[in-house]
Each structure stands twice: as structure tokens, then as C-alpha cells.
>>> print(open('upload.csv').read())   # CSV, C-alpha atoms
chain,number,residue,atom,x,y,z
A,1,MET,CA,-28.6,75.2,15.8
A,2,GLN,CA,-30.1,75.7,12.4
A,3,VAL,CA,-28.3,73.7,9.7
A,4,SER,CA,-29.1,74.4,6.1
A,5,SER,CA,-30.5,71.4,4.2
A,6,CYS,CA,-27.5,71.5,1.9
A,7,ARG,CA,-25.0,71.3,4.8
A,8,ARG,CA,-27.0,68.5,6.4
A,9,ALA,CA,-26.9,66.5,3.2
A,10,MET,CA,-23.2,67.0,3.0
A,11,LEU,CA,-22.8,65.9,6.6
A,12,LEU,CA,-24.9,62.8,6.2
A,13,GLY,CA,-23.0,62.1,3.0
A,14,SER,CA,-19.6,62.2,4.7
A,15,ILE,CA,-20.8,60.0,7.5
A,16,ALA,CA,-22.1,57.5,5.0
A,17,LEU,CA,-18.8,57.5,3.2
A,18,LEU,CA,-16.9,57.0,6.4
A,19,ALA,CA,-19.2,54.2,7.4
A,20,GLY,CA,-18.4,52.5,4.2
A,21,CYS,CA,-14.7,52.8,4.8
A,22,VAL,CA,-14.9,51.2,8.3
A,23,ARG,CA,-13.7,47.6,8.0
A,24,LYS,CA,-16.0,44.7,8.8
A,25,PRO,CA,-15.1,43.1,12.1
A,26,GLN,CA,-12.5,40.4,11.6
A,27,ALA,CA,-13.9,36.8,11.4
A,28,THR,CA,-13.1,34.6,14.4
A,29,PHE,CA,-12.5,31.0,13.4
A,30,LYS,CA,-12.3,27.8,15.5
A,31,GLY,CA,-10.1,26.4,12.7
A,32,VAL,CA,-6.8,27.7,11.5
A,33,ASP,CA,-7.3,31.2,10.2
A,34,LEU,CA,-5.7,31.4,6.7
A,35,THR,CA,-7.1,34.8,5.7
A,36,GLY,CA,-4.5,36.6,3.6
A,37,ALA,CA,-2.2,33.6,3.5
A,38,SER,CA,0.4,33.7,0.7
A,39,TYR,CA,-0.3,30.1,-0.3
A,40,ALA,CA,-3.4,27.9,-0.8
A,41,HIS,CA,-4.7,30.1,-3.7
A,42,ASP,CA,-5.8,27.8,-6.5
A,43,PHE,CA,-5.6,24.4,-8.1
A,44,ARG,CA,-5.8,22.9,-11.6
A,45,LEU,CA,-7.2,19.4,-11.6
A,46,ASN,CA,-9.6,17.2,-13.5
A,47,ASP,CA,-13.1,16.2,-12.4
A,48,ALA,CA,-14.4,12.7,-13.0
A,49,GLN,CA,-15.6,13.6,-16.4
A,50,GLY,CA,-12.1,14.6,-17.4
A,51,ARG,CA,-12.8,18.4,-17.4
A,52,GLU,CA,-10.1,20.7,-16.0
A,53,ARG,CA,-11.4,22.6,-13.0
A,54,THR,CA,-9.9,25.5,-11.1
A,55,LEU,CA,-11.1,27.5,-8.1
A,56,ALA,CA,-12.6,30.2,-10.4
A,57,ASP,CA,-15.1,27.6,-11.6
A,58,PHE,CA,-16.8,27.8,-8.2
A,59,ARG,CA,-16.9,31.6,-7.8
A,60,GLY,CA,-20.0,32.6,-6.0
A,61,LYS,CA,-19.9,29.6,-3.8
A,62,ALA,CA,-17.8,28.9,-0.7
A,63,VAL,CA,-15.5,25.9,-1.3
A,64,LEU,CA,-14.3,23.3,1.1
A,65,LEU,CA,-11.4,21.3,-0.3
A,66,HIS,CA,-10.2,18.1,1.3
A,67,PHE,CA,-7.2,16.0,0.3
A,68,GLY,CA,-7.6,12.3,0.8
A,69,PHE,CA,-7.9,8.9,-0.8
A,70,THR,CA,-10.7,6.3,-0.9
A,71,MET,CA,-8.7,3.5,0.7
A,72,CYS,CA,-8.6,5.6,3.8
A,73,ALA,CA,-10.9,3.8,6.2
A,74,ASP,CA,-10.8,6.5,8.8
A,75,VAL,CA,-10.2,10.3,8.3
A,76,CYS,CA,-11.5,10.7,4.8
A,77,PRO,CA,-15.0,9.1,5.2
A,78,THR,CA,-15.5,10.9,8.6
A,79,THR,CA,-14.4,14.2,7.1
A,80,LEU,CA,-16.7,13.9,4.1
A,81,ALA,CA,-19.6,12.7,6.3
A,82,ARG,CA,-19.0,15.7,8.5
A,83,ALA,CA,-19.0,18.0,5.5
A,84,ALA,CA,-22.4,16.6,4.4
A,85,ARG,CA,-23.9,17.2,7.8
A,86,VAL,CA,-22.4,20.7,8.1
A,87,LYS,CA,-23.8,21.5,4.6
A,88,GLU,CA,-27.2,20.6,5.9
A,89,MET,CA,-26.7,22.6,9.1
A,90,LEU,CA,-26.0,25.7,7.0
A,91,GLY,CA,-29.5,25.6,5.5
A,92,ASP,CA,-29.9,28.0,2.6
A,93,SER,CA,-26.2,28.9,2.7
A,94,GLY,CA,-25.4,25.2,2.4
A,95,GLU,CA,-26.7,25.4,-1.2
A,96,ARG,CA,-23.8,27.8,-1.8
A,97,LEU,CA,-21.2,25.4,-0.4
A,98,GLN,CA,-19.2,23.3,-2.8
A,99,VAL,CA,-17.3,20.4,-1.3
A,100,LEU,CA,-14.3,19.0,-3.2
A,101,LEU,CA,-12.2,15.9,-2.6
A,102,MET,CA,-8.8,15.9,-4.2
A,103,THR,CA,-7.3,12.4,-4.4
A,104,LEU,CA,-3.7,12.0,-3.3
A,105,ASP,CA,-3.9,8.5,-4.8
A,106,PRO,CA,-4.6,8.9,-8.6
A,107,GLN,CA,-3.1,5.4,-9.1
A,108,ARG,CA,-5.9,3.7,-7.3
A,109,ASP,CA,-8.6,6.3,-7.3
A,110,THR,CA,-9.9,6.2,-10.9
A,111,PRO,CA,-12.4,8.8,-12.0
A,112,GLN,CA,-15.2,6.2,-11.6
A,113,VAL,CA,-14.3,5.2,-8.1
A,114,LEU,CA,-13.8,8.9,-7.1
A,115,SER,CA,-17.2,10.1,-8.4
A,116,ALA,CA,-19.1,7.1,-6.9
A,117,TYR,CA,-17.3,7.8,-3.6
A,118,THR,CA,-18.1,11.5,-3.3
A,119,ALA,CA,-21.7,11.0,-4.5
A,120,THR,CA,-22.4,8.6,-1.6
A,121,PHE,CA,-21.8,11.5,0.9
A,122,ASP,CA,-23.7,14.1,-1.1
A,123,PRO,CA,-24.6,14.2,-4.8
A,124,SER,CA,-23.1,17.7,-5.1
A,125,PHE,CA,-19.7,16.7,-3.9
A,126,ILE,CA,-17.0,16.7,-6.6
A,127,GLY,CA,-13.9,14.5,-6.8
A,128,LEU,CA,-10.8,15.8,-8.4
A,129,TYR,CA,-7.7,14.1,-9.6
A,130,GLY,CA,-4.5,14.7,-11.6
A,131,THR,CA,-1.3,13.1,-12.7
A,132,GLU,CA,1.3,12.4,-10.0
A,133,GLU,CA,3.0,15.7,-10.9
A,134,GLN,CA,-0.3,17.6,-10.8
A,135,THR,CA,-1.2,16.0,-7.5
A,136,ARG,CA,2.2,16.9,-6.0
A,137,ALA,CA,1.8,20.5,-7.3
A,138,ALA,CA,-1.6,20.9,-5.8
A,139,ALA,CA,-0.6,19.5,-2.5
A,140,ASP,CA,2.5,21.7,-2.4
A,141,GLN,CA,0.4,24.8,-3.2
A,142,PHE,CA,-1.6,23.9,0.0
A,143,LYS,CA,1.3,22.8,2.0
A,144,VAL,CA,-0.4,19.4,2.3
A,145,PHE,CA,1.9,16.8,3.6
A,146,TYR,CA,1.5,13.3,2.1
A,147,ARG,CA,3.6,10.3,1.5
A,148,LYS,CA,3.1,6.7,0.3
A,149,VAL,CA,4.0,4.1,2.9
A,150,PRO,CA,4.5,0.5,1.8
A,151,MET,CA,2.2,-1.9,3.6
A,152,GLY,CA,2.7,-5.5,2.6
A,153,ASP,CA,1.6,-5.9,-1.0
A,154,THR,CA,0.0,-2.5,-1.0
A,155,TYR,CA,0.5,1.0,0.4
A,156,THR,CA,-1.2,3.5,2.6
A,157,ILE,CA,-0.8,7.3,2.4
A,158,ASP,CA,0.1,9.4,5.4
A,159,HIS,CA,-1.4,12.8,4.9
A,160,SER,CA,-2.4,16.0,6.6
A,161,ALA,CA,-6.0,16.1,7.6
A,162,LEU,CA,-7.0,19.7,7.2
A,163,SER,CA,-9.9,20.9,5.0
A,164,TYR,CA,-9.4,24.2,3.2
A,165,ALA,CA,-12.3,26.7,3.0
A,166,PHE,CA,-12.5,29.5,0.5
A,167,ASP,CA,-15.2,32.3,0.6
A,168,PRO,CA,-17.5,32.9,-2.4
A,169,GLU,CA,-15.0,35.5,-3.7
A,170,GLY,CA,-12.4,32.7,-4.0
A,171,ARG,CA,-10.2,33.8,-1.1
A,172,ILE,CA,-8.6,31.3,1.2
A,173,ARG,CA,-10.0,31.9,4.7
A,174,VAL,CA,-9.7,28.9,7.1
A,175,ALA,CA,-8.5,25.4,7.5
A,176,LEU,CA,-10.8,23.1,9.4
A,177,ARG,CA,-9.1,20.6,11.6
A,178,HIS,CA,-10.0,16.9,11.6
A,179,ASP,CA,-11.1,17.1,15.3
A,180,GLN,CA,-13.4,20.0,14.9
A,181,SER,CA,-17.1,19.3,15.8
A,182,ASP,CA,-19.9,19.8,13.3
A,183,GLU,CA,-20.9,22.9,15.2
A,184,ASP,CA,-17.5,24.4,15.1
A,185,CYS,CA,-17.2,23.8,11.4
A,186,ALA,CA,-20.6,25.3,10.7
A,187,HIS,CA,-19.5,28.3,12.9
A,188,ASP,CA,-16.5,28.8,10.7
A,189,LEU,CA,-18.2,28.3,7.4
A,190,ARG,CA,-21.1,30.6,8.2
A,191,GLN,CA,-18.7,33.5,8.5
A,192,LEU,CA,-17.6,33.0,4.9
A,193,PHE,CA,-21.1,34.0,3.7
A,194,SER,CA,-21.4,37.3,5.5
B,1,MET,CA,-41.7,-18.2,22.5
B,2,LYS,CA,-40.7,-15.4,25.0
B,3,ARG,CA,-37.4,-17.2,25.7
B,4,HIS,CA,-36.7,-17.3,21.9
B,5,ILE,CA,-37.3,-13.6,21.5
B,6,LEU,CA,-35.2,-12.8,24.5
B,7,ALA,CA,-32.3,-14.9,23.2
B,8,LEU,CA,-32.6,-13.3,19.8
B,9,ALA,CA,-32.6,-9.8,21.3
B,10,MET,CA,-29.6,-10.7,23.4
B,11,ALA,CA,-27.8,-12.1,20.4
B,12,MET,CA,-28.4,-9.1,18.3
B,13,THR,CA,-27.1,-6.6,20.9
B,14,VAL,CA,-24.2,-8.6,22.0
B,15,GLY,CA,-23.0,-9.7,18.6
B,16,ALA,CA,-20.7,-12.4,19.5
B,17,ALA,CA,-19.0,-13.7,22.6
B,18,SER,CA,-16.5,-16.2,24.0
B,19,ALA,CA,-15.9,-17.0,27.6
B,20,GLN,CA,-13.4,-14.1,28.0
B,21,VAL,CA,-14.3,-11.5,25.3
B,22,VAL,CA,-17.6,-9.9,24.3
B,23,VAL,CA,-18.0,-8.2,21.0
B,24,HIS,CA,-20.4,-5.2,20.8
B,25,GLU,CA,-21.8,-3.4,17.8
B,26,PRO,CA,-19.6,-4.7,15.1
B,27,TRP,CA,-19.9,-2.8,11.8
B,28,VAL,CA,-18.2,-2.4,8.5
B,29,ARG,CA,-18.1,0.6,6.3
B,30,ALA,CA,-19.9,0.1,3.0
B,31,THR,CA,-18.0,0.7,-0.2
B,32,VAL,CA,-18.6,2.0,-3.7
B,33,ALA,CA,-18.0,-0.3,-6.8
B,34,ASN,CA,-14.3,-1.1,-7.3
B,35,GLN,CA,-13.3,0.4,-4.0
B,36,GLN,CA,-10.4,-1.8,-2.8
B,37,ALA,CA,-10.5,-1.6,0.9
B,38,SER,CA,-12.7,-0.9,3.9
B,39,GLY,CA,-12.6,-1.0,7.7
B,40,ALA,CA,-14.4,-3.0,10.3
B,41,PHE,CA,-15.1,-1.5,13.8
B,42,MET,CA,-16.4,-2.9,17.1
B,43,GLN,CA,-16.1,-2.7,20.8
B,44,LEU,CA,-14.3,-5.5,22.7
B,45,ASN,CA,-14.8,-6.2,26.4
B,46,ALA,CA,-12.3,-8.7,27.9
B,47,SER,CA,-12.9,-10.1,31.3
B,48,ARG,CA,-9.2,-11.1,31.6
B,49,ASN,CA,-6.1,-9.5,30.1
B,50,MET,CA,-6.2,-10.5,26.4
B,51,LYS,CA,-5.0,-9.3,23.0
B,52,LEU,CA,-6.6,-9.1,19.7
B,53,VAL,CA,-4.0,-10.7,17.5
B,54,GLU,CA,-5.5,-11.6,14.2
B,55,ALA,CA,-8.6,-11.1,12.0
B,56,ARG,CA,-9.9,-12.9,8.9
B,57,SER,CA,-12.7,-12.5,6.5
B,58,PRO,CA,-13.8,-14.2,3.3
B,59,VAL,CA,-14.7,-10.8,1.8
B,60,ALA,CA,-11.1,-9.6,1.5
B,61,ALA,CA,-7.8,-11.0,0.2
B,62,GLN,CA,-5.9,-9.6,3.1
B,63,VAL,CA,-7.0,-8.6,6.6
B,64,GLU,CA,-4.9,-6.7,9.0
B,65,ILE,CA,-5.2,-4.8,12.3
B,66,HIS,CA,-4.5,-1.1,11.9
B,67,GLN,CA,-4.0,1.8,14.1
B,68,MET,CA,-4.7,5.4,13.1
B,69,THR,CA,-2.6,8.1,14.8
B,70,MET,CA,-2.7,11.8,14.3
B,71,ASP,CA,0.7,13.6,14.5
B,72,HIS,CA,0.2,17.3,14.3
B,73,ASP,CA,-2.8,17.2,11.8
B,74,VAL,CA,-1.0,14.4,9.8
B,75,MET,CA,-2.9,11.2,9.7
B,76,LYS,CA,-1.0,7.9,9.8
B,77,MET,CA,-2.2,4.3,9.5
B,78,ARG,CA,0.0,1.5,10.5
B,79,PRO,CA,-0.5,-2.2,10.9
B,80,VAL,CA,-0.1,-3.4,14.4
B,81,LYS,CA,0.6,-6.9,15.7
B,82,PHE,CA,-2.1,-6.8,18.3
B,83,VAL,CA,-4.5,-4.6,20.2
B,84,PRO,CA,-4.3,-4.9,24.0
B,85,LEU,CA,-7.6,-5.7,25.7
B,86,PRO,CA,-7.1,-5.1,29.4
B,87,ALA,CA,-9.4,-6.9,31.8
B,88,GLY,CA,-12.6,-5.0,32.4
B,89,LYS,CA,-11.8,-2.1,30.2
B,90,PRO,CA,-13.8,-1.8,26.9
B,91,VAL,CA,-11.6,-1.2,23.9
B,92,ALA,CA,-13.1,0.5,20.9
B,93,LEU,CA,-12.0,-0.3,17.3
B,94,GLU,CA,-13.3,3.0,15.9
B,95,PRO,CA,-12.4,5.8,13.5
B,96,GLY,CA,-9.5,7.7,15.1
B,97,SER,CA,-8.1,4.6,16.7
B,98,TYR,CA,-7.8,0.9,15.8
B,99,HIS,CA,-9.7,-0.8,13.1
B,100,ILE,CA,-9.6,-4.1,11.2
B,101,MET,CA,-8.5,-3.3,7.6
B,102,LEU,CA,-10.1,-5.3,4.9
B,103,LEU,CA,-7.8,-5.2,1.9
B,104,GLY,CA,-8.3,-6.4,-1.7
B,105,LEU,CA,-12.1,-6.6,-1.4
B,106,LYS,CA,-13.6,-9.3,-3.6
B,107,LYS,CA,-16.7,-7.3,-4.3
B,108,GLN,CA,-18.6,-4.2,-3.2
B,109,ILE,CA,-20.0,-4.0,0.3
B,110,ARG,CA,-23.5,-2.5,0.3
B,111,PRO,CA,-25.3,-1.0,3.3
B,112,GLY,CA,-27.2,-3.8,5.0
B,113,ASP,CA,-24.8,-6.6,3.8
B,114,VAL,CA,-23.6,-8.7,6.7
B,115,VAL,CA,-19.9,-9.3,6.6
B,116,PRO,CA,-18.5,-12.4,8.4
B,117,LEU,CA,-15.3,-11.8,10.3
B,118,THR,CA,-13.3,-14.1,12.5
B,119,ILE,CA,-11.3,-12.4,15.2
B,120,VAL,CA,-8.5,-14.2,17.1
B,121,ILE,CA,-7.8,-13.3,20.7
B,122,GLU,CA,-4.9,-14.5,22.8
B,123,GLY,CA,-4.7,-14.8,26.6
B,124,GLU,CA,-1.7,-14.3,28.8
B,125,ASP,CA,-1.1,-18.0,28.7
B,126,GLY,CA,-0.7,-17.8,24.9
B,127,GLN,CA,-3.9,-19.7,24.2
B,128,ARG,CA,-5.7,-18.5,21.2
B,129,GLN,CA,-9.5,-18.5,20.5
B,130,SER,CA,-11.5,-17.6,17.4
B,131,ILE,CA,-14.7,-15.6,17.7
B,132,GLU,CA,-17.1,-15.4,14.7
B,133,VAL,CA,-18.5,-12.0,14.2
B,134,LYS,CA,-21.3,-10.8,11.9
B,135,ALA,CA,-20.7,-7.2,11.1
B,136,PRO,CA,-23.5,-5.3,9.3
B,137,ALA,CA,-22.4,-2.8,6.7
B,138,ARG,CA,-23.3,0.9,7.3
B,139,GLU,CA,-23.5,3.7,4.9
B,140,LEU,CA,-20.2,5.4,4.1
B,141,SER,CA,-21.7,8.6,5.5
B,142,ALA,CA,-22.9,7.0,8.7
B,143,MET,CA,-22.2,9.1,11.8
B,144,THR,CA,-19.9,7.0,14.0
B,145,HIS,CA,-19.6,8.9,17.2
B,146,ASN,CA,-19.8,12.4,18.6
B,147,HIS,CA,-16.6,14.4,18.8
>>> encode(input="upload.csv", output="C-alpha cells")
Amino acid sequence: MQVSSCRRAMLLGSIALLAGCVRKPQATFKGVDLTGASYAHDFRLNDAQGRERTLADFRGKAVLLHFGFTMCADVCPTTLARAARVKEMLGDSGERLQVLLMTLDPQRDTPQVLSAYTATFDPSFIGLYGTEEQTRAAADQFKVFYRKVPMGDTYTIDHSALSYAFDPEGRIRVALRHDQSDEDCAHDLRQLFS
Amino acid sequence: MKRHILALAMAMTVGAASAQVVVHEPWVRATVANQQASGAFMQLNASRNMKLVEARSPVAAQVEIHQMTMDHDVMKMRPVKFVPLPAGKPVALEPGSYHIMLLGLKKQIRPGDVVPLTIVIEGEDGQRQSIEVKAPARELSAMTHNH
């Protein structure tokens, strides 16, 4: 059938338009899918230099946010060590991954301790802190459970051990569980860059 | 000469031993300046039913035995009175499980430092024994085991 070049152009044009409207296939995560969640949207905390940081500061990079404290001998070091390994696994995309540690223990985790701590895992990692009120507000925004538990002369902090990942557009996408392997974490984070 | 090398090699792999408990691969997590606490980890093999009941170290003001438990993604750490060491069954003090908590660190622990620890084990007859352990400090970011 002969189709005029004008008609052909219109046909191709409509197909192109439709193709653009077709939604990208939904990401499949090993972690907890938080795409479209009504919470976990932003934070307002200070970095070790005392500057206020919000999620918008990191637009253009995927962000992995973990809540912890430096006295934690177990979950926090292993989570941050895993984040450093996963960043490396991501190759070039790893350069566009910003890892953040928010302390649930501003009383003991001073800015100096915090920045030295995050730097040992990777120089690009940033520690964030706030007042007790700001800490509570940020944790509530992410539905992070935490509580101080007295322990002799000191205290420990029970806390949920999920790491929250945002895509480069600043949207919350997935929570990585503590027991996820390096490969599963890389699998999830890779999808944030597509 | 050969015997000396063999003995040295054995000592390095075994770490420390008593008649009933052998300590394998002890290590301590390094810290950053002014960090107040750290953890010591190791594997314990008891030939008879024993318990780890106490730990001490000159590097910390207070040393306790802790257990980490995960309760629906919430991490909890609690001091425990002892760690059971069943006969013939290796027990790992490792992230995700038990560890020796070093509280009130007197100074920074750097990678490569050797931290002296004394662990106290108790038999079913109530008799206690101390074992001296030398635990090398590993980088904070050291990979501990595969998940």
C-alpha cells in the first residue's frame, strides 16, 4: 500500500509519542520497596562542619542514608563497610552514590568523632547530626525506631537497622535490610540509576 | 630451628588455649580518635561443656559480654551473664551474635595494635580459668564474614 510521506511521518510521530508514554518497567528490589511512600522524604541536619544539609543538596546522586551510632560495635560498622564495598561494585555509578550516616546519639557522637568515623569507611561518606529534637524528628520522618537503654554507667541504643536509598531525583525508593548481601544491595542500587 | 618455626606458626593460628577451651582468630575493631567503645570477637572451641563468664582488658574501663539480637529489623544489644560453650561445638563471638564489649576506651585502637584480653571460662563444676588472649586490631571497614 502506498502511504504518502506526510502520512508516514505522522504515523511514526504518533508511535514515538505513544512509546514515550509507556511507563518504564517497575523496578524489582530485594529490599523493602518504598517507591511512592508517603514518608521518608527529607531531612534537615548538620554535617560535621556545622552546615545544614537536606536531601536536595545531593540531587543528581543516589543517596543511601543509615541511622546509627559509633558505639555500636555490630550493625553500624558492618552496614557502612558493606556500603563502601557496594559503592565499589557499582563502578562508575558508585561515584554518583552518596552514603550518609545520621547519628541517633548526638550526645556522644560529636562532629569530630562522626567525621573521623565515616571517613574510615570511605572519604566520601558524610556524618549528620542534630539536636535531640532534630534527631527525633528525622527518625520519625523515616519511621526509624530507636530508644536509649541504660547499661550500667552508660547506655546503648536499640534501633532499626534499615538503610534508606533515594534515587538521583531525590525520591525514596528502597530500604536495604541489614541481612542483605553485597550483591543484593548492588542489585537494588543499580536500578536507581536507570 | 624448624621446631621453633612450627611452634610459632601454631601459636599464631591458635591464638590462645587452655586445657578445655581453644581460642581462634581473636580480633578487635579499630576505633577513631575519641571513640568510646569497641568490640572484640573470636571463636571458642570447648572440649567439655563450659561457659564464657567474664572478660577483662587493660584498654577499657569496663568490659562486658554482649549479645546482639535482631527483632524485626530492630537491633538490640544486651549484656549477658555468660555465653554457653557446648562441648565440641565452636561458638563464634562475631557481628550479629555475641561479642566482648570494651567500654570507656582509654585510647584509640589503631589497626595493627595488639589488644590484650583476659577471658574467664567456667566448667560445669564451677571451676574458673583465665585465658590470656592477644587480639590484633582490624580496620573498622574489615569484612568479617560472608552473609
>>> closest_atom_pairs(input="upload.csv", of="chain B", to="chain A", cutoff="12 Å", atoms="only C-alpha atoms", output="JSON lines")
{"residue": "B:Val28", "atom": "CA", "partner": "A:Ala73", "partner_atom": "CA", "distance": 9.8}
{"residue": "B:Arg29", "atom": "CA", "partner": "A:Ala73", "partner_atom": "CA", "distance": 7.9}
{"residue": "B:Ala30", "atom": "CA", "partner": "A:Thr120", "partner_atom": "CA", "distance": 10.0}
{"residue": "B:Thr31", "atom": "CA", "partner": "A:Tyr117", "partner_atom": "CA", "distance": 7.9}
{"residue": "B:Val32", "atom": "CA", "partner": "A:Tyr117", "partner_atom": "CA", "distance": 5.9}
{"residue": "B:Ala33", "atom": "CA", "partner": "A:Val113", "partner_atom": "CA", "distance": 6.8}
{"residue": "B:Asn34", "atom": "CA", "partner": "A:Val113", "partner_atom": "CA", "distance": 6.4}
{"residue": "B:Gln35", "atom": "CA", "partner": "A:Val113", "partner_atom": "CA", "distance": 6.4}
{"residue": "B:Gln36", "atom": "CA", "partner": "A:Met71", "partner_atom": "CA", "distance": 6.6}
{"residue": "B:Ala37", "atom": "CA", "partner": "A:Met71", "partner_atom": "CA", "distance": 5.4}
{"residue": "B:Ser38", "atom": "CA", "partner": "A:Ala73", "partner_atom": "CA", "distance": 5.5}
{"residue": "B:Gly39", "atom": "CA", "partner": "A:Ala73", "partner_atom": "CA", "distance": 5.3}
{"residue": "B:Ala40", "atom": "CA", "partner": "A:Ala73", "partner_atom": "CA", "distance": 8.7}
{"residue": "B:Phe41", "atom": "CA", "partner": "A:Ala73", "partner_atom": "CA", "distance": 10.2}
{"residue": "B:Ala61", "atom": "CA", "partner": "A:Asp153", "partner_atom": "CA", "distance": 10.8}
{"residue": "B:Gln62", "atom": "CA", "partner": "A:Asp153", "partner_atom": "CA", "distance": 9.3}
{"residue": "B:Val63", "atom": "CA", "partner": "A:Gly152", "partner_atom": "CA", "distance": 10.9}
{"residue": "B:Glu64", "atom": "CA", "partner": "A:Gly152", "partner_atom": "CA", "distance": 10.0}
{"residue": "B:Ile65", "atom": "CA", "partner": "A:Met151", "partner_atom": "CA", "distance": 11.8}
{"residue": "B:His66", "atom": "CA", "partner": "A:Ala73", "partner_atom": "CA", "distance": 9.9}
{"residue": "B:Gln67", "atom": "CA", "partner": "A:Asp74", "partner_atom": "CA", "distance": 9.8}
{"residue": "B:Met68", "atom": "CA", "partner": "A:Asp74", "partner_atom": "CA", "distance": 7.5}
{"residue": "B:Thr69", "atom": "CA", "partner": "A:Asp158", "partner_atom": "CA", "distance": 9.9}
{"residue": "B:Met70", "atom": "CA", "partner": "A:Ala161", "partner_atom": "CA", "distance": 8.6}
{"residue": "B:Asp71", "atom": "CA", "partner": "A:Ser160", "partner_atom": "CA", "distance": 8.8}
{"residue": "B:His72", "atom": "CA", "partner": "A:Ser160", "partner_atom": "CA", "distance": 8.2}
{"residue": "B:Asp73", "atom": "CA", "partner": "A:Ser160", "partner_atom": "CA", "distance": 5.4}
{"residue": "B:Val74", "atom": "CA", "partner": "A:Ser160", "partner_atom": "CA", "distance": 3.8}
{"residue": "B:Met75", "atom": "CA", "partner": "A:His159", "partner_atom": "CA", "distance": 5.3}
{"residue": "B:Lys76", "atom": "CA", "partner": "A:Asp158", "partner_atom": "CA", "distance": 4.8}
{"residue": "B:Met77", "atom": "CA", "partner": "A:Asp158", "partner_atom": "CA", "distance": 6.9}
{"residue": "B:Arg78", "atom": "CA", "partner": "A:Met151", "partner_atom": "CA", "distance": 8.0}
{"residue": "B:Pro79", "atom": "CA", "partner": "A:Met151", "partner_atom": "CA", "distance": 7.8}
{"residue": "B:Val80", "atom": "CA", "partner": "A:Met151", "partner_atom": "CA", "distance": 11.1}
{"residue": "B:Leu93", "atom": "CA", "partner": "A:Asp74", "partner_atom": "CA", "distance": 11.0}
{"residue": "B:Glu94", "atom": "CA", "partner": "A:Asp74", "partner_atom": "CA", "distance": 8.3}
{"residue": "B:Pro95", "atom": "CA", "partner": "A:Asp74", "partner_atom": "CA", "distance": 5.0}
{"residue": "B:Gly96", "atom": "CA", "partner": "A:Asp74", "partner_atom": "CA", "distance": 6.5}
{"residue": "B:Ser97", "atom": "CA", "partner": "A:Asp74", "partner_atom": "CA", "distance": 8.6}
{"residue": "B:Tyr98", "atom": "CA", "partner": "A:Asp74", "partner_atom": "CA", "distance": 9.5}
{"residue": "B:His99", "atom": "CA", "partner": "A:Ala73", "partner_atom": "CA", "distance": 8.4}
{"residue": "B:Ile100", "atom": "CA", "partner": "A:Ala73", "partner_atom": "CA", "distance": 9.4}
{"residue": "B:Met101", "atom": "CA", "partner": "A:Ala73", "partner_atom": "CA", "distance": 7.6}
{"residue": "B:Leu102", "atom": "CA", "partner": "A:Ala73", "partner_atom": "CA", "distance": 9.2}
{"residue": "B:Leu103", "atom": "CA", "partner": "A:Thr154", "partner_atom": "CA", "distance": 8.7}
{"residue": "B:Gly104", "atom": "CA", "partner": "A:Thr154", "partner_atom": "CA", "distance": 9.2}
{"residue": "B:Leu105", "atom": "CA", "partner": "A:Met71", "partner_atom": "CA", "distance": 10.9}
{"residue": "B:Gln108", "atom": "CA", "partner": "A:Val113", "partner_atom": "CA", "distance": 11.4}
{"residue": "B:Arg110", "atom": "CA", "partner": "A:Thr120", "partner_atom": "CA", "distance": 11.3}
{"residue": "B:Pro111", "atom": "CA", "partner": "A:Thr120", "partner_atom": "CA", "distance": 11.2}
{"residue": "B:Arg138", "atom": "CA", "partner": "A:Thr120", "partner_atom": "CA", "distance": 11.8}
{"residue": "B:Glu139", "atom": "CA", "partner": "A:Thr120", "partner_atom": "CA", "distance": 8.2}
{"residue": "B:Leu140", "atom": "CA", "partner": "A:Pro77", "partner_atom": "CA", "distance": 6.5}
{"residue": "B:Ser141", "atom": "CA", "partner": "A:Ala81", "partner_atom": "CA", "distance": 4.7}
{"residue": "B:Ala142", "atom": "CA", "partner": "A:Ala81", "partner_atom": "CA", "distance": 7.0}
{"residue": "B:Met143", "atom": "CA", "partner": "A:Ala81", "partner_atom": "CA", "distance": 7.1}
{"residue": "B:Thr144", "atom": "CA", "partner": "A:Thr78", "partner_atom": "CA", "distance": 8.0}
{"residue": "B:His145", "atom": "CA", "partner": "A:Thr78", "partner_atom": "CA", "distance": 9.7}
{"residue": "B:Asn146", "atom": "CA", "partner": "A:Ser181", "partner_atom": "CA", "distance": 7.9}
{"residue": "B:His147", "atom": "CA", "partner": "A:Ser181", "partner_atom": "CA", "distance": 5.8}
>>> closest_residue(input="upload.csv", among="B:Arg56, B:Lys81, B:Arg128, B:Lys107", to="B:Gln20", atoms="all atoms listed in the file")
B:Arg128
>>> atom_distance(input="upload.csv", atom1="atom CA of A:Leu45", atom2="atom CA of A:Leu128")
6.0 Å
>>> residues_around(input="upload.csv", residues="B:Pro90", least_positions_apart="5", cutoff="12 Å", atoms="only C-alpha atoms", output="list in words")
Val21, Val22, Val23, His24, Met42, Gln43, Leu44, Asn45, Ala46, Ser47, Arg48, Asn49, Met50, Val83, Pro84 and Leu85 of chain B
>>> residues_around(input="upload.csv", residues="B:Gln129", least_positions_apart="4", cutoff="12 Å", atoms="all atoms listed in the file", output="compact mmCIF listing (two decimals) with C-alpha atoms, in the coordinates of the input")
# COMPACT_ATOMS: atom_id res chain seq x y z
CA ALA B 17 -19.00 -13.70 22.60
CA SER B 18 -16.50 -16.20 24.00
CA ALA B 19 -15.90 -17.00 27.60
CA GLN B 20 -13.40 -14.10 28.00
CA VAL B 21 -14.30 -11.50 25.30
CA MET B 50 -6.20 -10.50 26.40
CA LYS B 51 -5.00 -9.30 23.00
CA LEU B 52 -6.60 -9.10 19.70
CA VAL B 53 -4.00 -10.70 17.50
CA GLU B 54 -5.50 -11.60 14.20
CA ALA B 55 -8.60 -11.10 12.00
CA THR B 118 -13.30 -14.10 12.50
CA ILE B 119 -11.30 -12.40 15.20
CA VAL B 120 -8.50 -14.20 17.10
CA ILE B 121 -7.80 -13.30 20.70
CA GLU B 122 -4.90 -14.50 22.80
CA GLY B 123 -4.70 -14.80 26.60
CA ASP B 125 -1.10 -18.00 28.70
>>> atom_distance(input="upload.csv", atom1="atom CA of A:Thr135", atom2="atom CA of A:Leu97")
23.2 Å
>>> atom_distance(input="upload.csv", atom1="atom CA of A:Asp42", atom2="atom CA of A:Lys148")
23.9 Å
>>> residues_around(input="upload.csv", residues="A:Ala165", least_positions_apart="5", cutoff="6 Å", atoms="all atoms listed in the file", output="list in words")
Val63, Leu64, Arg173 and Val174 of chain A
>>> residues_near_point(input="upload.csv", point="(-22.8, 32.7, -7.9)", cutoff="12 Å", atoms="all atoms listed in the file", output="ChimeraX atom specification")
/A:56-63,93,95-98,167-170,193
>>> closest_residue(input="upload.csv", among="B:Ser130, B:Glu124, B:Pro26, B:Ala135", to="B:Ala87", atoms="only C-alpha atoms")
B:Glu124
